[in-house]
Amino acid sequence: MIKRVWAEQQGQEGFDPYRDIADVVVETDDGLTWTSTFVTIPYLQRLMSVSRDITANVANMPPVRFITLETPHVIVENLLPDTIEDTIDNLMMLGIFESVFMPHSESFGVESSTRGGG
């Protein structure tokens with residue numbers, strides 16, 4: 001069962017839950033801590049535009065929009081607390097939570113908890 005969920009917002013400027021990315025941390029009742037990256041489609045589209053801009057300026061590289069994801073990401077419509085919590089619940093019910101969340105060995109002291117209990 002889930003004990004706590006919190007999101008660590010990424011980005012240097014104002015956070016937009018409809019256009020950004022966040023690291024999501026889940027603490028379970030057994031004391032384990034899990035992390036995953038939640039991302040919106042507009043964020044991925046911005047990264048794709050950056051890759052196109054870079055390739056457009058390199059000789060012998062066709063300018064194309066692309067992105068590669070080396071680690072599991074959960075793509076969501078938005079990064080609002082209810083969406084994050086409902087997504088985690090669904091991942092657990094489907095039995096795929098551990099395929100997108102990785103165990104984390106450090107303890108977190110993040111103040112912005114989105115769920116107080118499971």
# chains A, B, ... in the order shown; residues from 1 in each chain; ligands from 1
>>> select_by_dssp(residues="chain A", states="alpha helix (DSSP H)", output="PyMOL selection string")
chain A and resi 41-56+81-94+97-100
>>> write_last_selection(atoms="C-alpha atoms", output="PDB file, in the first residue's frame")
ATOM      1  CA  ILE A  41       3.163  15.444 -24.134  1.00  0.00           C
ATOM      2  CA  PRO A  42       3.823  19.199 -24.613  1.00  0.00           C
ATOM      3  CA  TYR A  43       7.101  18.757 -22.711  1.00  0.00           C
ATOM      4  CA  LEU A  44       8.143  15.922 -25.022  1.00  0.00           C
ATOM      5  CA  GLN A  45       7.177  18.026 -28.039  1.00  0.00           C
ATOM      6  CA  ARG A  46       9.438  20.842 -26.802  1.00  0.00           C
ATOM      7  CA  LEU A  47      12.339  18.397 -26.507  1.00  0.00           C
ATOM      8  CA  MET A  48      11.638  17.160 -30.023  1.00  0.00           C
ATOM      9  CA  SER A  49      11.759  20.731 -31.332  1.00  0.00           C
ATOM     10  CA  VAL A  50      15.102  21.249 -29.628  1.00  0.00           C
ATOM     11  CA  SER A  51      16.508  18.137 -31.319  1.00  0.00           C
ATOM     12  CA  ARG A  52      15.282  19.445 -34.678  1.00  0.00           C
ATOM     13  CA  ASP A  53      16.943  22.814 -34.053  1.00  0.00           C
ATOM     14  CA  ILE A  54      20.207  21.087 -33.158  1.00  0.00           C
ATOM     15  CA  THR A  55      20.224  18.761 -36.165  1.00  0.00           C
ATOM     16  CA  ALA A  56      19.329  21.642 -38.500  1.00  0.00           C
ATOM     17  CA  PRO A  81      -1.804  15.679  -7.725  1.00  0.00           C
ATOM     18  CA  ASP A  82      -5.049  13.787  -8.475  1.00  0.00           C
ATOM     19  CA  THR A  83      -3.766  12.699 -11.893  1.00  0.00           C
ATOM     20  CA  ILE A  84      -0.462  11.498 -10.422  1.00  0.00           C
ATOM     21  CA  GLU A  85      -2.166   9.607  -7.581  1.00  0.00           C
ATOM     22  CA  ASP A  86      -4.789   8.011  -9.843  1.00  0.00           C
ATOM     23  CA  THR A  87      -2.090   6.961 -12.314  1.00  0.00           C
ATOM     24  CA  ILE A  88      -0.058   5.318  -9.541  1.00  0.00           C
ATOM     25  CA  ASP A  89      -3.166   3.507  -8.284  1.00  0.00           C
ATOM     26  CA  ASN A  90      -3.835   2.230 -11.819  1.00  0.00           C
ATOM     27  CA  LEU A  91      -0.223   1.122 -12.305  1.00  0.00           C
ATOM     28  CA  MET A  92      -0.437  -0.855  -9.066  1.00  0.00           C
ATOM     29  CA  MET A  93      -3.800  -2.412  -9.970  1.00  0.00           C
ATOM     30  CA  LEU A  94      -2.437  -3.415 -13.390  1.00  0.00           C
ATOM     31  CA  PHE A  97       4.117  -0.287 -10.990  1.00  0.00           C
ATOM     32  CA  GLU A  98       7.578  -1.859 -10.624  1.00  0.00           C
ATOM     33  CA  SER A  99       8.189  -1.695 -14.373  1.00  0.00           C
ATOM     34  CA  VAL A 100       8.131   2.125 -14.368  1.00  0.00           C
TER      35      VAL A 100
END
>>> residues_around(residues="A:Thr35", least_positions_apart="5", cutoff="12 Å", atoms="only C-alpha atoms", output="PyMOL selection string")
chain A and resi 4-8+22-28+71-74+88+97-108
>>> atom_distance(atom1="atom CA of A:Leu69", atom2="atom CA of A:Thr33")
22.5 Å
>>> select_by_dssp(residues="stretch 6-102 of chain A", states="strand (DSSP E)", output="PDB file with C-alpha atoms, in the first residue's frame")
ATOM      1  CA  TRP A   6       5.081  13.575  -3.753  1.00  0.00           C
ATOM      2  CA  ALA A   7       6.286  15.240  -6.921  1.00  0.00           C
ATOM      3  CA  GLU A   8       9.566  17.083  -7.290  1.00  0.00           C
ATOM      4  CA  GLN A   9       8.977  19.621 -10.010  1.00  0.00           C
ATOM      5  CA  ILE A  21       7.981  17.201 -16.111  1.00  0.00           C
ATOM      6  CA  ALA A  22       8.256  15.958 -12.516  1.00  0.00           C
ATOM      7  CA  ASP A  23      10.061  13.256 -10.592  1.00  0.00           C
ATOM      8  CA  VAL A  24       7.455  11.347  -8.609  1.00  0.00           C
ATOM      9  CA  VAL A  25       8.421   9.664  -5.360  1.00  0.00           C
ATOM     10  CA  VAL A  26       6.293   7.011  -3.682  1.00  0.00           C
ATOM     11  CA  GLU A  27       6.829   5.702  -0.173  1.00  0.00           C
ATOM     12  CA  THR A  28       5.109   2.400   0.551  1.00  0.00           C
ATOM     13  CA  THR A  33      10.855   4.481  -1.620  1.00  0.00           C
ATOM     14  CA  TRP A  34      10.273   4.371  -5.380  1.00  0.00           C
ATOM     15  CA  THR A  35      10.897   7.013  -8.068  1.00  0.00           C
ATOM     16  CA  SER A  36       9.733   7.592 -11.620  1.00  0.00           C
ATOM     17  CA  THR A  37       9.543  10.439 -14.096  1.00  0.00           C
ATOM     18  CA  PHE A  38       6.128  11.765 -15.102  1.00  0.00           C
ATOM     19  CA  VAL A  39       5.996  13.883 -18.235  1.00  0.00           C
ATOM     20  CA  THR A  40       3.395  15.655 -20.351  1.00  0.00           C
ATOM     21  CA  HIS A  73       8.700   7.638 -18.203  1.00  0.00           C
ATOM     22  CA  VAL A  74       5.013   7.812 -17.398  1.00  0.00           C
ATOM     23  CA  ILE A  75       3.291  10.041 -19.942  1.00  0.00           C
ATOM     24  CA  VAL A  76       0.305  11.819 -18.444  1.00  0.00           C
ATOM     25  CA  MET A 102      12.621   2.194  -9.586  1.00  0.00           C
TER      26      MET A 102
END
>>> closest_residue(among="A:Ala59, A:Ile2, A:Ile96, A:Leu80", to="A:Asp30", atoms="only C-alpha atoms")
A:Ile2
>>> decode(residues="chain A", atoms="C-alpha atoms", output="short mmCIF file (atom, residue, chain, number, x, y, z; two decimals), in the first residue's frame")
data_model
loop_
_atom_site.label_atom_id
_atom_site.label_comp_id
_atom_site.auth_asym_id
_atom_site.auth_seq_id
_atom_site.Cartn_x
_atom_site.Cartn_y
_atom_site.Cartn_z
CA MET A 1 0.00 0.00 0.00
CA ILE A 2 1.03 3.58 -0.59
CA LYS A 3 1.99 5.67 2.40
CA ARG A 4 3.01 8.94 0.72
CA VAL A 5 3.33 10.38 -2.79
CA TRP A 6 5.08 13.57 -3.75
CA ALA A 7 6.29 15.24 -6.92
CA GLU A 8 9.57 17.08 -7.29
CA GLN A 9 8.98 19.62 -10.01
CA GLN A 10 11.71 20.04 -12.58
CA GLY A 11 12.45 23.21 -14.47
CA GLN A 12 13.96 26.56 -13.71
CA GLU A 13 10.99 28.79 -14.45
CA GLY A 14 7.35 28.68 -13.39
CA PHE A 15 6.03 25.13 -13.23
CA ASP A 16 3.11 24.38 -15.54
CA PRO A 17 1.40 21.06 -14.68
CA TYR A 18 0.08 20.83 -18.25
CA ARG A 19 3.44 21.35 -20.02
CA ASP A 20 6.26 20.16 -17.76
CA ILE A 21 7.98 17.20 -16.11
CA ALA A 22 8.26 15.96 -12.52
CA ASP A 23 10.06 13.26 -10.59
CA VAL A 24 7.45 11.35 -8.61
CA VAL A 25 8.42 9.66 -5.36
CA VAL A 26 6.29 7.01 -3.68
CA GLU A 27 6.83 5.70 -0.17
CA THR A 28 5.11 2.40 0.55
CA ASP A 29 3.90 1.05 3.89
CA ASP A 30 6.89 -1.29 4.03
CA GLY A 31 9.22 1.73 4.12
CA LEU A 32 10.50 1.41 0.55
CA THR A 33 10.85 4.48 -1.62
CA TRP A 34 10.27 4.37 -5.38
CA THR A 35 10.90 7.01 -8.07
CA SER A 36 9.73 7.59 -11.62
CA THR A 37 9.54 10.44 -14.10
CA PHE A 38 6.13 11.76 -15.10
CA VAL A 39 6.00 13.88 -18.23
CA THR A 40 3.40 15.65 -20.35
CA ILE A 41 3.16 15.44 -24.13
CA PRO A 42 3.82 19.20 -24.61
CA TYR A 43 7.10 18.76 -22.71
CA LEU A 44 8.14 15.92 -25.02
CA GLN A 45 7.18 18.03 -28.04
CA ARG A 46 9.44 20.84 -26.80
CA LEU A 47 12.34 18.40 -26.51
CA MET A 48 11.64 17.16 -30.02
CA SER A 49 11.76 20.73 -31.33
CA VAL A 50 15.10 21.25 -29.63
CA SER A 51 16.51 18.14 -31.32
CA ARG A 52 15.28 19.44 -34.68
CA ASP A 53 16.94 22.81 -34.05
CA ILE A 54 20.21 21.09 -33.16
CA THR A 55 20.22 18.76 -36.16
CA ALA A 56 19.33 21.64 -38.50
CA ASN A 57 22.63 23.27 -37.60
CA VAL A 58 24.85 20.22 -38.14
CA ALA A 59 26.20 19.37 -41.57
CA ASN A 60 24.94 16.11 -43.09
CA MET A 61 22.14 15.74 -40.53
CA PRO A 62 18.56 16.06 -41.71
CA PRO A 63 16.53 18.30 -39.39
CA VAL A 64 13.96 16.01 -37.81
CA ARG A 65 11.98 16.13 -34.62
CA PHE A 66 12.78 13.15 -32.38
CA ILE A 67 13.38 12.14 -28.81
CA THR A 68 14.87 9.11 -27.12
CA LEU A 69 13.95 8.04 -23.61
CA GLU A 70 16.58 5.97 -21.87
CA THR A 71 14.65 5.42 -18.66
CA PRO A 72 10.99 4.62 -18.13
CA HIS A 73 8.70 7.64 -18.20
CA VAL A 74 5.01 7.81 -17.40
CA ILE A 75 3.29 10.04 -19.94
CA VAL A 76 0.30 11.82 -18.44
CA GLU A 77 -2.18 14.48 -19.48
CA ASN A 78 -1.11 16.73 -16.60
CA LEU A 79 0.93 16.74 -13.41
CA LEU A 80 -1.85 17.65 -11.00
CA PRO A 81 -1.80 15.68 -7.73
CA ASP A 82 -5.05 13.79 -8.48
CA THR A 83 -3.77 12.70 -11.89
CA ILE A 84 -0.46 11.50 -10.42
CA GLU A 85 -2.17 9.61 -7.58
CA ASP A 86 -4.79 8.01 -9.84
CA THR A 87 -2.09 6.96 -12.31
CA ILE A 88 -0.06 5.32 -9.54
CA ASP A 89 -3.17 3.51 -8.28
CA ASN A 90 -3.83 2.23 -11.82
CA LEU A 91 -0.22 1.12 -12.31
CA MET A 92 -0.44 -0.85 -9.07
CA MET A 93 -3.80 -2.41 -9.97
CA LEU A 94 -2.44 -3.41 -13.39
CA GLY A 95 0.65 -4.94 -11.76
CA ILE A 96 3.09 -2.77 -13.70
CA PHE A 97 4.12 -0.29 -10.99
CA GLU A 98 7.58 -1.86 -10.62
CA SER A 99 8.19 -1.69 -14.37
CA VAL A 100 8.13 2.13 -14.37
CA PHE A 101 9.11 2.94 -10.76
CA MET A 102 12.62 2.19 -9.59
CA PRO A 103 13.57 1.49 -5.96
CA HIS A 104 15.41 4.39 -4.39
CA SER A 105 17.91 3.88 -1.60
CA GLU A 106 18.00 7.43 -0.18
CA SER A 107 15.35 8.77 2.15
CA PHE A 108 13.52 11.85 0.96
CA GLY A 109 12.57 14.84 3.06
CA VAL A 110 10.36 16.51 0.50
CA GLU A 111 7.81 18.85 2.01
CA SER A 112 5.20 18.81 -0.76
CA SER A 113 3.41 15.55 0.01
CA THR A 114 0.35 14.97 -2.19
CA ARG A 115 -1.06 11.98 -0.31
CA GLY A 116 -1.13 11.47 3.42
CA GLY A 117 -2.14 7.84 3.47
CA GLY A 118 -3.03 4.91 1.32
#
